[in-house]
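Chemist: Following this line is run_1.cif, made up of mmCIF, C-alpha atoms and all ligand atoms:
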```cif
data_final
loop_
_atom_site.label_atom_id
_atom_site.label_comp_id
_atom_site.auth_asym_id
_atom_site.auth_seq_id
_atom_site.Cartn_x
_atom_site.Cartn_y
_atom_site.Cartn_z
CA MET I 13 173.96 118.70 67.99
CA ASP I 14 177.58 119.73 67.82
CA ALA I 15 179.58 116.46 67.79
CA THR I 16 182.43 118.08 69.72
CA ALA I 17 180.21 119.27 72.56
CA THR I 18 180.87 116.22 74.72
CA VAL I 19 184.63 116.06 74.18
CA THR I 20 186.47 116.53 77.47
CA PRO I 21 188.99 119.40 77.27
CA PHE I 22 192.62 118.32 77.38
CA SER I 23 193.26 120.48 80.46
CA THR I 24 190.59 118.47 82.31
CA LEU I 25 191.97 115.15 81.07
CA ILE I 26 195.49 115.92 82.24
CA ARG I 27 194.33 117.18 85.65
CA THR I 28 192.06 114.18 86.20
CA ALA I 29 194.70 111.70 85.05
CA SER I 30 197.28 113.03 87.49
CA HIS I 31 194.89 113.56 90.41
CA GLU I 32 195.86 110.42 92.31
CA GLN I 33 199.56 111.13 91.95
CA HIS I 34 199.00 114.70 93.04
CA THR I 35 197.53 113.45 96.29
CA GLU I 36 200.47 111.06 96.68
CA ALA I 37 203.01 113.89 96.20
CA GLU I 38 201.08 116.25 98.46
CA THR I 39 200.82 113.72 101.26
CA SER I 40 204.34 112.28 100.94
CA THR I 41 206.12 111.91 104.27
CA PHE I 42 208.69 114.57 103.43
CA MET I 43 206.09 117.15 102.30
CA SER I 44 203.86 116.43 105.27
CA ASP I 45 206.77 116.77 107.70
CA LEU I 46 208.05 119.90 105.97
CA LEU I 47 204.69 121.64 105.86
CA GLY I 48 203.78 120.34 109.29
CA GLY I 49 206.67 122.38 110.67
CA ARG I 50 208.46 119.26 111.89
CA LEU I 51 211.68 119.79 109.91
CA GLY I 52 214.39 122.40 110.17
CA VAL I 53 215.36 125.03 107.66
CA ASP I 54 218.16 122.69 106.50
CA ALA I 55 215.51 120.39 105.02
CA TYR I 56 213.80 123.33 103.33
CA THR I 57 217.19 124.41 101.95
CA ARG I 58 217.94 120.94 100.61
CA TYR I 59 214.53 120.86 98.95
CA THR I 60 215.11 124.28 97.37
CA GLU I 61 218.45 123.05 96.04
CA GLN I 62 216.69 120.18 94.28
CA LEU I 63 214.23 122.62 92.73
CA TRP I 64 217.13 124.63 91.33
CA PHE I 65 218.43 121.63 89.38
CA VAL I 66 214.97 120.90 88.01
CA TYR I 67 214.23 124.50 86.98
CA ARG I 68 217.65 124.89 85.45
CA ALA I 69 216.79 121.93 83.18
CA LEU I 70 213.31 123.32 82.46
CA GLU I 71 214.53 126.82 81.71
CA GLU I 72 217.77 126.09 79.87
CA GLY I 73 215.71 123.77 77.68
CA SER I 74 213.05 126.41 77.09
CA GLU I 75 215.31 128.76 75.09
CA ALA I 76 215.44 126.49 72.07
CA LEU I 77 211.69 125.79 72.28
CA ARG I 78 210.50 129.38 72.04
CA ASP I 79 209.58 129.03 68.37
CA ASP I 80 208.55 125.42 68.50
CA PRO I 81 205.04 124.90 67.04
CA VAL I 82 204.00 122.61 69.91
CA ALA I 83 205.85 123.77 73.05
CA GLY I 84 206.49 127.38 71.95
CA PRO I 85 203.19 128.90 73.22
CA PHE I 86 203.93 127.60 76.73
CA ILE I 87 207.28 129.35 77.05
CA GLN I 88 206.44 132.52 78.98
CA PRO I 89 209.10 134.66 80.66
CA GLU I 90 206.88 135.53 83.63
CA LEU I 91 207.02 131.88 84.74
CA MET I 92 210.82 131.60 84.83
CA ARG I 93 212.08 130.67 88.30
CA SER I 94 215.86 130.18 88.06
CA THR I 95 216.77 133.73 89.10
CA GLU I 96 214.40 133.59 92.08
CA LEU I 97 215.77 130.21 93.16
CA GLU I 98 219.29 131.59 92.98
CA ARG I 99 218.34 134.51 95.22
CA ASP I 100 216.70 132.12 97.67
CA LEU I 101 219.76 129.89 97.68
CA ALA I 102 222.08 132.85 98.23
CA HIS I 103 219.95 133.68 101.28
CA LEU I 104 219.80 130.09 102.51
CA ARG I 105 223.37 128.98 101.74
CA GLY I 106 225.32 132.21 101.40
CA ALA I 107 226.95 134.00 98.48
CA ASP I 108 228.92 130.86 97.53
CA TRP I 109 225.71 128.82 97.35
CA ARG I 110 226.81 127.03 94.17
CA GLU I 111 229.89 125.54 95.82
CA GLY I 112 229.53 121.85 96.55
CA LEU I 113 225.91 121.82 95.41
CA GLU I 114 224.98 118.35 94.14
CA PRO I 115 221.60 116.96 93.14
CA LEU I 116 220.23 113.88 94.86
CA PRO I 117 220.21 110.89 92.47
CA ALA I 118 216.43 111.21 91.98
CA THR I 119 216.83 114.90 91.18
CA ALA I 120 219.57 114.19 88.64
CA ALA I 121 217.30 111.61 86.98
CA TYR I 122 214.38 114.06 86.93
CA ALA I 123 216.46 116.89 85.45
CA ALA I 124 217.93 114.53 82.85
CA ARG I 125 214.45 113.51 81.71
CA VAL I 126 213.37 117.16 81.42
CA THR I 127 216.46 117.93 79.33
CA GLU I 128 215.86 114.89 77.15
CA CYS I 129 212.27 115.99 76.46
CA ALA I 130 213.34 119.57 75.78
CA ARG I 131 215.86 118.36 73.22
CA THR I 132 213.98 115.54 71.54
CA TRP I 133 210.25 115.74 72.29
CA PRO I 134 208.69 119.19 72.72
CA ALA I 135 205.23 117.75 73.49
CA GLY I 136 206.74 115.77 76.35
CA TYR I 137 208.38 118.93 77.62
CA ILE I 138 204.88 120.43 77.98
CA ALA I 139 204.03 117.68 80.49
CA HIS I 140 206.95 118.74 82.67
CA HIS I 141 206.15 122.41 82.22
CA TYR I 142 202.55 121.88 83.30
CA THR I 143 203.43 119.67 86.27
CA ARG I 144 205.77 122.23 87.77
CA TYR I 145 204.52 125.69 86.85
CA LEU I 146 200.79 125.12 87.30
CA GLY I 147 201.55 123.46 90.61
CA ASP I 148 203.71 126.37 91.73
CA LEU I 149 200.92 128.79 90.90
CA SER I 150 198.50 126.68 92.97
CA GLY I 151 199.78 124.68 95.95
CA GLY I 152 203.05 126.62 95.83
CA GLN I 153 201.29 129.47 97.55
CA ILE I 154 200.36 127.23 100.47
CA ILE I 155 203.99 126.12 100.74
CA ARG I 156 205.20 129.74 100.78
CA ASP I 157 202.83 130.67 103.57
CA LYS I 158 203.95 127.70 105.69
CA ALA I 159 207.64 128.37 104.98
CA GLU I 160 207.33 132.02 106.01
CA LYS I 161 205.65 131.07 109.26
CA THR I 162 207.85 128.08 110.08
CA TRP I 163 211.31 129.48 109.35
CA GLY I 164 210.62 133.20 109.67
CA PHE I 165 211.28 134.36 106.12
CA GLU I 166 210.14 137.85 105.30
CA ARG I 167 206.77 137.74 103.55
CA LYS I 168 207.44 137.14 99.86
CA GLY I 169 211.11 137.89 100.54
CA ASP I 170 214.46 136.12 100.25
CA GLY I 171 214.06 132.42 100.90
CA VAL I 172 210.59 132.18 99.35
CA ARG I 173 210.99 134.22 96.16
CA PHE I 174 210.61 131.03 94.16
CA TYR I 175 206.92 131.06 95.08
CA VAL I 176 206.37 134.71 94.18
CA PHE I 177 205.44 135.38 90.57
CA GLU I 178 205.96 139.14 90.47
CA GLU I 179 204.71 139.50 86.92
CA ILE I 180 201.58 137.40 87.37
CA THR I 181 199.16 139.68 89.19
CA ASN I 182 196.14 137.43 88.73
CA PRO I 183 197.16 133.75 89.10
CA ALA I 184 193.59 132.49 88.62
CA ALA I 185 193.32 134.30 85.28
CA PHE I 186 196.78 133.12 84.29
CA LYS I 187 195.83 129.52 85.05
CA ARG I 188 192.69 129.89 82.95
CA GLY I 189 194.82 131.11 80.06
CA TYR I 190 197.23 128.24 80.60
CA ARG I 191 194.40 125.72 80.47
CA GLU I 192 193.28 127.27 77.19
CA LEU I 193 196.78 126.71 75.83
CA LEU I 194 196.56 123.08 76.93
CA ASP I 195 193.15 122.66 75.29
CA ALA I 196 194.52 124.06 72.04
CA VAL I 197 197.82 122.13 72.13
CA ASN I 198 199.04 121.35 68.65
CA ALA I 199 198.93 117.56 69.06
CA ASP I 200 196.59 114.77 67.93
CA ASP I 201 194.76 112.46 70.35
CA LEU I 202 197.54 109.89 70.47
CA GLU I 203 200.17 112.51 71.18
CA ARG I 204 197.89 114.06 73.83
CA GLN I 205 197.68 110.65 75.47
CA ARG I 206 201.48 110.47 75.47
CA ILE I 207 201.65 113.90 77.10
CA ILE I 208 199.35 112.62 79.85
CA GLU I 209 201.60 109.61 80.37
CA GLU I 210 204.63 111.91 80.59
CA CYS I 211 202.78 114.03 83.14
CA LYS I 212 202.31 110.95 85.30
CA ARG I 213 206.01 110.28 84.91
CA ALA I 214 206.74 113.87 85.96
CA PHE I 215 204.71 113.38 89.14
CA ALA I 216 206.51 110.10 89.83
CA LEU I 217 209.87 111.85 89.38
CA ASN I 218 208.80 114.47 91.94
CA THR I 219 207.67 111.81 94.38
CA ALA I 220 211.03 110.05 94.01
CA VAL I 221 212.80 113.27 94.98
CA PHE I 222 210.56 113.57 98.06
CA ARG I 223 211.34 109.98 98.95
CA GLU I 224 215.08 110.62 98.86
CA LEU I 225 214.70 113.86 100.80
CA GLY I 226 212.71 111.90 103.37
CA GLU I 227 215.63 109.50 103.71
CA VAL I 228 218.05 112.38 104.26
CA PHE I 229 215.75 114.03 106.82
CA PRO I 230 214.01 111.25 108.75
CA LEU I 231 211.96 112.59 111.63
CA SER I 232 213.50 110.12 114.02
CA ALA I 233 216.99 111.57 113.49
C1 LIG A 1 202.04 119.89 99.83
C2 LIG A 1 202.18 120.13 98.59
C3 LIG A 1 201.08 120.54 97.66
C4 LIG A 1 199.93 121.21 97.91
C5 LIG A 1 199.42 121.73 99.24
C6 LIG A 1 199.24 121.37 96.65
C7 LIG A 1 198.03 121.98 96.48
C8 LIG A 1 197.40 122.21 95.29
C9 LIG A 1 196.11 122.82 95.11
C10 LIG A 1 195.25 123.36 96.25
C11 LIG A 1 195.83 122.84 93.79
C12 LIG A 1 194.52 123.31 93.15
C13 LIG A 1 194.60 124.67 92.57
C14 LIG A 1 193.46 124.97 91.60
O1 LIG A 1 192.47 124.24 91.51
O2 LIG A 1 193.59 125.95 90.90
C15 LIG A 1 196.96 122.26 93.12
C16 LIG A 1 197.07 122.12 91.77
C17 LIG A 1 198.16 121.58 91.13
N1 LIG A 1 199.27 121.00 91.73
FE1 LIG A 1 199.61 120.87 93.68
N2 LIG A 1 200.00 120.80 95.67
C18 LIG A 1 201.13 120.29 96.26
C19 LIG A 1 202.13 119.61 95.66
C20 LIG A 1 202.27 119.48 94.29
C21 LIG A 1 203.38 118.83 93.64
C22 LIG A 1 204.57 118.19 94.34
C23 LIG A 1 203.12 118.89 92.31
C24 LIG A 1 203.95 118.38 91.18
C25 LIG A 1 205.22 118.55 91.10
C26 LIG A 1 201.87 119.62 92.13
C27 LIG A 1 201.30 119.93 90.92
C28 LIG A 1 200.09 120.54 90.75
C29 LIG A 1 199.51 120.84 89.46
C30 LIG A 1 200.09 120.51 88.10
C31 LIG A 1 198.29 121.49 89.70
C32 LIG A 1 197.31 122.03 88.67
C33 LIG A 1 196.18 121.06 88.43
C34 LIG A 1 195.27 121.64 87.33
O3 LIG A 1 194.45 122.46 87.67
O4 LIG A 1 195.43 121.26 86.18
N3 LIG A 1 201.38 119.94 93.35
N4 LIG A 1 197.90 121.88 94.05
#
```
What does this structure look like when you write it as structure tokens?
Modeler:
Amino acid sequence: MDATATVTPFSTLIRTASHEQHTEAETSTFMSDLLGGRLGVDAYTRYTEQLWFVYRALEEGSEALRDDPVAGPFIQPELMRSTELERDLAHLRGADWREGLEPLPATAAYAARVTECARTWPAGYIAHHYTRYLGDLSGGQIIRDKAEKTWGFERKGDGVRFYVFEEITNPAAFKRGYRELLDAVNADDLERQRIIEECKRAFALNTAVFRELGEVFPLSA
């Protein structure tokens, strides 16, 4: 019998390992209130601002990683979100959207960790890449639908462009391809374990942002 037949693919390991934290992020008070239609468009705007800081770190960092033997295969232009976030922010905040824009402390910490990984640990960068982009291609579509209905954005238009991957016509096929990249990642078992740990950290960093957003937009206010 093939000795490798029972080895669990890395894409399965990373999904399983982060499952609990996924549920935690998904059911966080802020996310539940936002998707439950209980918060105003100001909360959605503030959340989108935080995403911009995170994706700026992810995507500025990605330039130098294009030819990296470990992270390089994951850098795909069709995933890039900064331009879409900037269009959404121009719609939500106006043409001078950048003025006075500051990250929440948790967002600054998250973006700093992404930048640190991009500069010093390409395998760790993959954990952040996976946590955001695969999530956006999955649950992100549920968020878009809710946002359109709750705050009246045009379907797939300004305000929700972040969730629209124009160049990915078949997300399910894209995700399959992405999982194949994960399975083939150029890293030994120990390094794969470290990537999984970094993925858990990425989820925790997201949850911390939700927590701070929840403090800014308490339902009782
Ligand atoms: C209310 C918010 C959320 C909803 C409704 C949601 C929903 C989903 C759903 C339905 C899937 C499964 C898709 C599939 O099997 O192909 C998924 C996958 C995923 N989500 Fe979320 N999600 C949410 C929040 C998040 C957050 C905050 C993160 C992390 C920042 C995240 C990261 C991921 C990742 C990485 C996957 C891919 C798992 C894999 O197949 O390897 N999600 N999400």
Chemist: Hey, which residues sit close to ligand LIG 1 (chain A)? Say within 6 Å, counting all atoms listed in the file, and write them as a list of chain:residue names.
Modeler: I:Arg27, I:His34, I:Ala37, I:Glu38, I:Met43, I:Tyr142, I:Thr143, I:Arg144, I:Leu146, I:Gly147, I:Ser150, I:Gly151, I:Ile154, I:Phe215, I:Asn218
Chemist: Please report the interatomic distance between CA of Asp100 in chain I and CA of Arg173 in chain I in Å with one decimal.
Modeler: 6.3 Å
Chemist: In the coordinate frame of the file, compute which residues have an atom within 12 Å of (196.3, 113.1, 76.1) when using only C-alpha atoms, and state them as a ChimeraX atom specification.
Modeler: /I:20-30,135-136,138-139,194-212
Chemist: Is there a way to get, as a ChimeraX atom specification, all residues within 12 Å of the point (213.0, 124.7, 82.0) in file coordinates, counting only C-alpha atoms?
Modeler: /I:63-78,83,86-89,91-94,122-131,134,137-145
Chemist: Pull C-alpha atoms from the residues just selected and write them as a CSV table (one decimal), in the coordinates of the input.
Modeler:
```csv
chain,number,residue,atom,x,y,z
I,63,LEU,CA,214.2,122.6,92.7
I,64,TRP,CA,217.1,124.6,91.3
I,65,PHE,CA,218.4,121.6,89.4
I,66,VAL,CA,215.0,120.9,88.0
I,67,TYR,CA,214.2,124.5,87.0
I,68,ARG,CA,217.6,124.9,85.4
I,69,ALA,CA,216.8,121.9,83.2
I,70,LEU,CA,213.3,123.3,82.5
I,71,GLU,CA,214.5,126.8,81.7
I,72,GLU,CA,217.8,126.1,79.9
I,73,GLY,CA,215.7,123.8,77.7
I,74,SER,CA,213.0,126.4,77.1
I,75,GLU,CA,215.3,128.8,75.1
I,76,ALA,CA,215.4,126.5,72.1
I,77,LEU,CA,211.7,125.8,72.3
I,78,ARG,CA,210.5,129.4,72.0
I,83,ALA,CA,205.8,123.8,73.0
I,86,PHE,CA,203.9,127.6,76.7
I,87,ILE,CA,207.3,129.4,77.0
I,88,GLN,CA,206.4,132.5,79.0
I,89,PRO,CA,209.1,134.7,80.7
I,91,LEU,CA,207.0,131.9,84.7
I,92,MET,CA,210.8,131.6,84.8
I,93,ARG,CA,212.1,130.7,88.3
I,94,SER,CA,215.9,130.2,88.1
I,122,TYR,CA,214.4,114.1,86.9
I,123,ALA,CA,216.5,116.9,85.4
I,124,ALA,CA,217.9,114.5,82.8
I,125,ARG,CA,214.4,113.5,81.7
I,126,VAL,CA,213.4,117.2,81.4
I,127,THR,CA,216.5,117.9,79.3
I,128,GLU,CA,215.9,114.9,77.2
I,129,CYS,CA,212.3,116.0,76.5
I,130,ALA,CA,213.3,119.6,75.8
I,131,ARG,CA,215.9,118.4,73.2
I,134,PRO,CA,208.7,119.2,72.7
I,137,TYR,CA,208.4,118.9,77.6
I,138,ILE,CA,204.9,120.4,78.0
I,139,ALA,CA,204.0,117.7,80.5
I,140,HIS,CA,207.0,118.7,82.7
I,141,HIS,CA,206.2,122.4,82.2
I,142,TYR,CA,202.6,121.9,83.3
I,143,THR,CA,203.4,119.7,86.3
I,144,ARG,CA,205.8,122.2,87.8
I,145,TYR,CA,204.5,125.7,86.8
```
Chemist: Hey, can you check how far CA of Glu178 in chain I sits from CA of Arg110 in chain I?
Modeler: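 For CA of Glu178 in chain I relative to CA of Arg110 in chain I, the distance reads 24.4 Å.
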Chemist: Provide the CA of Glu224 in chain I to CA of Pro117 in chain I distance in Å, to one decimal place.
Modeler: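 It comes out at 8.2 Å.
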Chemist: Using all atoms listed in the file for the distances, tell me which of I:Pro85, I:Phe222, I:Gln153, I:Ala107 is nearest to Tyr190 in chain I.
Modeler: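 Distance minimum relative to Tyr190 in chain I lands on I:Pro85.
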Chemist: With distances taken over only C-alpha atoms, which residue among I:Thr35, I:Thr181, I:Thr162, I:Thr119 lies nearest Gly48 in chain I?
Modeler: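 Ranking I:Thr35, I:Thr181, I:Thr162, I:Thr119 by distance to Gly48 in chain I, first place goes to I:Thr162.
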Chemist: For a quick check of understanding, using all atoms listed in the file, which of I:Thr39, I:Phe229, I:Asp45, I:Val172 has the smallest distance to Thr60 in chain I?
Modeler: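 Answer, going by the shortest atom-to-atom distance: I:Val172.
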Chemist: Find, counting only C-alpha atoms, the residue in I:Trp163, I:Phe186, I:Phe174, I:Trp109 that gets nearest to Leu47 in chain I.
Modeler: I:Trp163
Chemist: Counting all atoms listed in the file, which of I:Thr18, I:Gln33, I:Thr132, I:Thr57 gets nearest to Ala220 in chain I?
Modeler: I:Gln33
Chemist: Take range 120-145 of chain I, model N, CA, C and O atoms, and hand the result over as a PDB file, keeping the file's coordinate frame.
Modeler:
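Printed below is part.pdb as written:
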```pdb
ATOM      1  N   ALA I 120     218.767 114.260  89.872  1.00  0.00           N
ATOM      2  CA  ALA I 120     219.570 114.190  88.640  1.00  0.00           C
ATOM      3  C   ALA I 120     218.784 113.446  87.552  1.00  0.00           C
ATOM      4  O   ALA I 120     218.772 113.871  86.384  1.00  0.00           O
ATOM      5  N   ALA I 121     218.090 112.382  87.947  1.00  0.00           N
ATOM      6  CA  ALA I 121     217.300 111.610  86.980  1.00  0.00           C
ATOM      7  C   ALA I 121     216.139 112.455  86.439  1.00  0.00           C
ATOM      8  O   ALA I 121     215.843 112.433  85.232  1.00  0.00           O
ATOM      9  N   TYR I 122     215.509 113.199  87.317  1.00  0.00           N
ATOM     10  CA  TYR I 122     214.380 114.060  86.930  1.00  0.00           C
ATOM     11  C   TYR I 122     214.869 115.137  85.950  1.00  0.00           C
ATOM     12  O   TYR I 122     214.307 115.304  84.851  1.00  0.00           O
ATOM     13  N   ALA I 123     215.950 115.826  86.315  1.00  0.00           N
ATOM     14  CA  ALA I 123     216.460 116.890  85.450  1.00  0.00           C
ATOM     15  C   ALA I 123     216.900 116.333  84.094  1.00  0.00           C
ATOM     16  O   ALA I 123     216.662 116.957  83.047  1.00  0.00           O
ATOM     17  N   ALA I 124     217.475 115.135  84.115  1.00  0.00           N
ATOM     18  CA  ALA I 124     217.930 114.530  82.850  1.00  0.00           C
ATOM     19  C   ALA I 124     216.738 114.239  81.941  1.00  0.00           C
ATOM     20  O   ALA I 124     216.818 114.417  80.715  1.00  0.00           O
ATOM     21  N   ARG I 125     215.640 113.797  82.532  1.00  0.00           N
ATOM     22  CA  ARG I 125     214.450 113.510  81.710  1.00  0.00           C
ATOM     23  C   ARG I 125     213.867 114.810  81.125  1.00  0.00           C
ATOM     24  O   ARG I 125     213.432 114.845  79.979  1.00  0.00           O
ATOM     25  N   VAL I 126     213.863 115.868  81.922  1.00  0.00           N
ATOM     26  CA  VAL I 126     213.370 117.160  81.420  1.00  0.00           C
ATOM     27  C   VAL I 126     214.225 117.608  80.235  1.00  0.00           C
ATOM     28  O   VAL I 126     213.714 118.018  79.185  1.00  0.00           O
ATOM     29  N   THR I 127     215.537 117.512  80.399  1.00  0.00           N
ATOM     30  CA  THR I 127     216.460 117.930  79.330  1.00  0.00           C
ATOM     31  C   THR I 127     216.249 117.085  78.076  1.00  0.00           C
ATOM     32  O   THR I 127     216.220 117.604  76.958  1.00  0.00           O
ATOM     33  N   GLU I 128     216.070 115.791  78.295  1.00  0.00           N
ATOM     34  CA  GLU I 128     215.860 114.890  77.150  1.00  0.00           C
ATOM     35  C   GLU I 128     214.584 115.292  76.388  1.00  0.00           C
ATOM     36  O   GLU I 128     214.586 115.374  75.160  1.00  0.00           O
ATOM     37  N   CYS I 129     213.517 115.569  77.116  1.00  0.00           N
ATOM     38  CA  CYS I 129     212.270 115.990  76.460  1.00  0.00           C
ATOM     39  C   CYS I 129     212.473 117.316  75.733  1.00  0.00           C
ATOM     40  O   CYS I 129     212.040 117.477  74.587  1.00  0.00           O
ATOM     41  N   ALA I 130     213.142 118.253  76.394  1.00  0.00           N
ATOM     42  CA  ALA I 130     213.340 119.570  75.780  1.00  0.00           C
ATOM     43  C   ALA I 130     214.098 119.433  74.456  1.00  0.00           C
ATOM     44  O   ALA I 130     213.806 120.130  73.488  1.00  0.00           O
ATOM     45  N   ARG I 131     215.032 118.508  74.424  1.00  0.00           N
ATOM     46  CA  ARG I 131     215.860 118.360  73.220  1.00  0.00           C
ATOM     47  C   ARG I 131     215.206 117.527  72.133  1.00  0.00           C
ATOM     48  O   ARG I 131     215.420 117.764  70.951  1.00  0.00           O
ATOM     49  N   THR I 132     214.432 116.506  72.554  1.00  0.00           N
ATOM     50  CA  THR I 132     213.980 115.540  71.540  1.00  0.00           C
ATOM     51  C   THR I 132     212.467 115.424  71.386  1.00  0.00           C
ATOM     52  O   THR I 132     211.998 114.826  70.429  1.00  0.00           O
ATOM     53  N   TRP I 133     211.707 115.958  72.345  1.00  0.00           N
ATOM     54  CA  TRP I 133     210.250 115.740  72.290  1.00  0.00           C
ATOM     55  C   TRP I 133     209.516 116.929  72.934  1.00  0.00           C
ATOM     56  O   TRP I 133     209.125 116.867  74.094  1.00  0.00           O
ATOM     57  N   PRO I 134     209.319 117.980  72.168  1.00  0.00           N
ATOM     58  CA  PRO I 134     208.690 119.190  72.720  1.00  0.00           C
ATOM     59  C   PRO I 134     207.334 118.941  73.393  1.00  0.00           C
ATOM     60  O   PRO I 134     207.037 119.558  74.420  1.00  0.00           O
ATOM     61  N   ALA I 135     206.535 118.013  72.859  1.00  0.00           N
ATOM     62  CA  ALA I 135     205.230 117.750  73.490  1.00  0.00           C
ATOM     63  C   ALA I 135     205.432 117.173  74.896  1.00  0.00           C
ATOM     64  O   ALA I 135     204.674 117.482  75.822  1.00  0.00           O
ATOM     65  N   GLY I 136     206.448 116.334  75.041  1.00  0.00           N
ATOM     66  CA  GLY I 136     206.740 115.770  76.350  1.00  0.00           C
ATOM     67  C   GLY I 136     207.212 116.839  77.323  1.00  0.00           C
ATOM     68  O   GLY I 136     206.913 116.809  78.514  1.00  0.00           O
ATOM     69  N   TYR I 137     207.927 117.806  76.789  1.00  0.00           N
ATOM     70  CA  TYR I 137     208.380 118.930  77.620  1.00  0.00           C
ATOM     71  C   TYR I 137     207.180 119.654  78.234  1.00  0.00           C
ATOM     72  O   TYR I 137     207.228 120.089  79.395  1.00  0.00           O
ATOM     73  N   ILE I 138     206.095 119.757  77.475  1.00  0.00           N
ATOM     74  CA  ILE I 138     204.880 120.430  77.980  1.00  0.00           C
ATOM     75  C   ILE I 138     204.395 119.750  79.271  1.00  0.00           C
ATOM     76  O   ILE I 138     203.961 120.414  80.210  1.00  0.00           O
ATOM     77  N   ALA I 139     204.480 118.418  79.297  1.00  0.00           N
ATOM     78  CA  ALA I 139     204.030 117.680  80.490  1.00  0.00           C
ATOM     79  C   ALA I 139     204.820 118.129  81.719  1.00  0.00           C
ATOM     80  O   ALA I 139     204.255 118.310  82.808  1.00  0.00           O
ATOM     81  N   HIS I 140     206.114 118.318  81.538  1.00  0.00           N
ATOM     82  CA  HIS I 140     206.950 118.740  82.670  1.00  0.00           C
ATOM     83  C   HIS I 140     206.685 120.200  83.037  1.00  0.00           C
ATOM     84  O   HIS I 140     206.687 120.575  84.204  1.00  0.00           O
ATOM     85  N   HIS I 141     206.460 120.992  82.021  1.00  0.00           N
ATOM     86  CA  HIS I 141     206.150 122.410  82.220  1.00  0.00           C
ATOM     87  C   HIS I 141     204.867 122.551  83.039  1.00  0.00           C
ATOM     88  O   HIS I 141     204.813 123.249  84.054  1.00  0.00           O
ATOM     89  N   TYR I 142     203.844 121.859  82.605  1.00  0.00           N
ATOM     90  CA  TYR I 142     202.550 121.880  83.300  1.00  0.00           C
ATOM     91  C   TYR I 142     202.699 121.406  84.752  1.00  0.00           C
ATOM     92  O   TYR I 142     202.243 122.077  85.692  1.00  0.00           O
ATOM     93  N   THR I 143     203.347 120.272  84.932  1.00  0.00           N
ATOM     94  CA  THR I 143     203.430 119.670  86.270  1.00  0.00           C
ATOM     95  C   THR I 143     204.089 120.619  87.265  1.00  0.00           C
ATOM     96  O   THR I 143     203.657 120.731  88.410  1.00  0.00           O
ATOM     97  N   ARG I 144     205.106 121.328  86.840  1.00  0.00           N
ATOM     98  CA  ARG I 144     205.770 122.230  87.770  1.00  0.00           C
ATOM     99  C   ARG I 144     205.083 123.592  87.865  1.00  0.00           C
ATOM    100  O   ARG I 144     204.687 124.031  88.943  1.00  0.00           O
ATOM    101  N   TYR I 145     204.957 124.279  86.751  1.00  0.00           N
ATOM    102  CA  TYR I 145     204.520 125.690  86.850  1.00  0.00           C
ATOM    103  C   TYR I 145     203.071 125.828  87.323  1.00  0.00           C
ATOM    104  O   TYR I 145     202.773 126.730  88.102  1.00  0.00           O
TER     105      TYR I 145
END
```
